[in-house]
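Participant: Below you'll find the structure I mean.
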Amino acid sequence: MKILHIAWKSLLEQVRDYRTLLMSFAFPISFILIFGVVMGQNYYTYRIYILNKDIPVKTSSNNSISYGKEFTEKLKNSVYEDGTTIFKVKEIDDIVTIGKKLEKHEYVALIIIPENFSSNLFSKKPGTSVEIFGDPGYPSFSLVKMGIDLELELFVSEKSGAEPLVRSNTHYIGYDSSGSEFNYLAPGLMLMAIYLLLIQVAMVIAQESEKGTIIRLKMAGIGTWKLLSGVACSQVVFAVVMVPMMLYTAILVGFQSKGSLLLGTFFGVIASISAVAIALIVAAFSKTVKEAFLWGNIITIPIIFFSGIFFPMPETTLFHLGSRVFTVWDLMPPTHAHKAFLQIFLYGAGLGDLLYELAMLLIVTALYFCLGVFLFRRAHLKD
Amino acid sequence: MNNTENSIMVKTSRLTRRFGETLAVDSLDLEIKRGEIFGFLGPNGAGKTTTIRLICGIIKADSGSVQFAENGNRSDKQTYKELIGFCPQELVTWDYLTCREQLMFTARMYGLSREKAHQNTEKLMETLGLQEKRNKQARTLSGGLKRRLNIALTLVHDPEVVILDEPEAGLDPQSRVMVRDFIKTLAPEKTVIFTTHNMDEADRICDRIGIIDHGKMLTCDTSENLKNSIGEGDVLEIRFEGKIQKSVLEKALKAKLGTKLKSITIIENHLIIRMAETSKNLSLVTTVLSEEKVNIVDIRFRWNTLEDVFINLTGRSLRQ
């Protein structure tokens, strides 16, 4: 019963300290919205220049063939699966007109079609070069270059009649062809929201110490386990609210969830308890709320990154568990929670598919909790 | 404690605590009677707070023991924690909880039933004038009201021993009177222990006073006995400017006053003369001071105070 009273008190304190709470909610929501808007667009249109120097050739039947013009039209008309134009082409007569627009990334690439493009292709003569200019440090350039290479290969194959010996066929898993990068980021961003609460929890716990109220609890015979279990219970409530809130925000900006909200919330709840465990460790090293805020940020941000939420981490194997590899990053609870979130929301995995992630998350959380209790007791509740 | 010592509520035996090189409490032996108001009087840093924190079990003693009448010894944690109500010197409240919420919460933490917690909460809010602010969060209260809430939180589980660390610190005059009267009402039902460096506060409230300095108990008795212990006679307190030579002055005063002069003490620019029939002999004193070229700023005539007791014991003022 005492644990529930502590949970209720902790909940009241956090809700009433609305500025901190607002930050804890607003920050991840704004992250989801920004990422959703920026990366949720499935298809980008890239602006390119084409300088077509190609000289048409006359066939024996006196027809004029201009492959340079045809290739330009092909690029102009190339579209994604949903009909979005891939390239917005601006044809130029002189390279001088470009100025600094490539350097400024106003245009991604310049394609120069050589004079002998039609004649060589018509006579199937090798050695023709289409020149592509662009900034290799600009990520869009690599994508544009790949797209133009592919279009060029298909164009040449079509016009020369030489079928390629091997073709690749792409098959989408989990998602249909309309999936965007945001889909792969959204589960991690939802998880990030839960782990950002860690800072607030650390502050709430540190406040007990700074204000001296921990002495009142100590005098009442409230030990570390009861206090921290109570705080953990309050965080479960936040997780239950937060996971659906984040999920629906993500859906609002284009996330396509395939999984069960209930299962996601279940993992979110365990993740929130692991966040409390980490918060305990932070609070153990903090004498004041300000220190807890600083340490909370210092600890939380790397943990979020190292768990692979934003980009995959290099594999640093510690040991093998049967067919599974246990890496350094697996020592952190968010790693397992993130894997579970991805499986649930992207591939519709059920609890049966996630027993390993569940077990690991529980084990790592329990370890952190024990460590947190030990450190916190030593620092703040020792007789 | 055995049955013959049942009138003793709290007993410390050779209680000692160090903080690094500093000996905060030095072999403190103390017996506090059931139902009395006991005050620890001493200057800042004397070891008062450390002593009561040791009694409460907030910090551990390096050696020595604390015993309570009810449960025999301090090792029975839950029992002694229920027995004690500790009010820290700092304002220890939960900023975002209302007065009622935090009183209820604290009562429940001590294991009181909902009904009992509610009953105690209402009673304390009424007694300490917090009713009007019952639904206000602690962070919105004035300093005086926070101090009252601080005391209420100490008492909400109805402890037998109430330990208050500087309860009047930072209080406005109105709250001070209220708190002082409230503390008086606690005895003899409860045993009250409190620390103060305010001799007036100790004098007005305490049944017995222990004067503590450098972690040692210098003396312990009723206020009257303590004041009488430093000698009979009235006190003439003279504030002066410039320097004076105590031995020369003492010789001159003795020559003039003879056996009527009991003692002379000089603390900074205060000359404290204890003597019989002060009002009759005041002119003799002023004559001597004039002859010795003492530049008098003002003269006060008063009875012995606890401060005099402290000065007599330590040779310095409580405020020093």
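Just remember, in the structure tokens the first chain shown is A, the second B, etc., residues are 1-based per chain, and ligands are 1-based in the order shown.
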I need the chain B residues near chain A as a PyMOL selection string; criterion: at most 9 Å, counting only C-alpha atoms.
Facilitator: chain B and resi 56-60+77-78+81-82+84-88+90-97+101-102+105-111+153-154
Participant: May I have the residues within 10 Å of B:Leu41 as JSON, numbers by chain, using only C-alpha atoms and disregarding those fewer than 4 positions away in the same chain?
Facilitator: {"B": [46, 47, 48, 166, 194, 195, 196, 197, 198, 199, 201, 202, 203, 209, 210, 211, 212, 213, 217, 220, 306, 307, 310, 318]}
Participant: I'd like to know which residues of stretch 72-318 of chain B are strand (DSSP E or B) (by DSSP, run on the backbone); could you write them as a ChimeraX atom specification?
Facilitator: /B:84-87,98,137,161-165,191-196,208-213,216-221,234-241,261-267,270-275,295-302
Participant: Write out as a ChimeraX atom specification each polymer residue whose atoms come within 10 Å of A:Gly308, counting only C-alpha atoms; drop sequence neighbours fewer than 2 positions from it.
Facilitator: /A:185,188,303-306,310-314,329,334-336,338-339
Participant: Extract, using only C-alpha atoms, all DNA, RNA and protein residues at most 10 Å from B:Arg180, discarding same-chain residues fewer than 4 positions from it, and format them as a list in words.
Facilitator: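 What passes the distance filter is Pro167, Glu168, Ser175, Arg176, Lys184, Thr185, Glu201, Arg204 and Ile205 of chain B.
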Participant: Please provide as a list of chain:residue names all residues within 10 Å of B:Thr265, with the sequence filter that same-chain residues fewer than 5 positions apart are discarded (counting only C-alpha atoms).
Facilitator: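 The neighbour list is B:Glu237, B:Lys246, B:Glu250, B:His270, B:Leu271, B:Ile272, B:Ile273, B:Arg274, B:Asp308, B:Ile311, B:Asn312, B:Gly315, B:Arg316.
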Participant: Given the choices A:Ala206, A:Ile50, A:Met246, A:Ile363, which gets closest to A:Ile132 if the distance is worked out from only C-alpha atoms?
Facilitator: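 Checking each candidate against A:Ile132, we get A:Ile50 as the closest.
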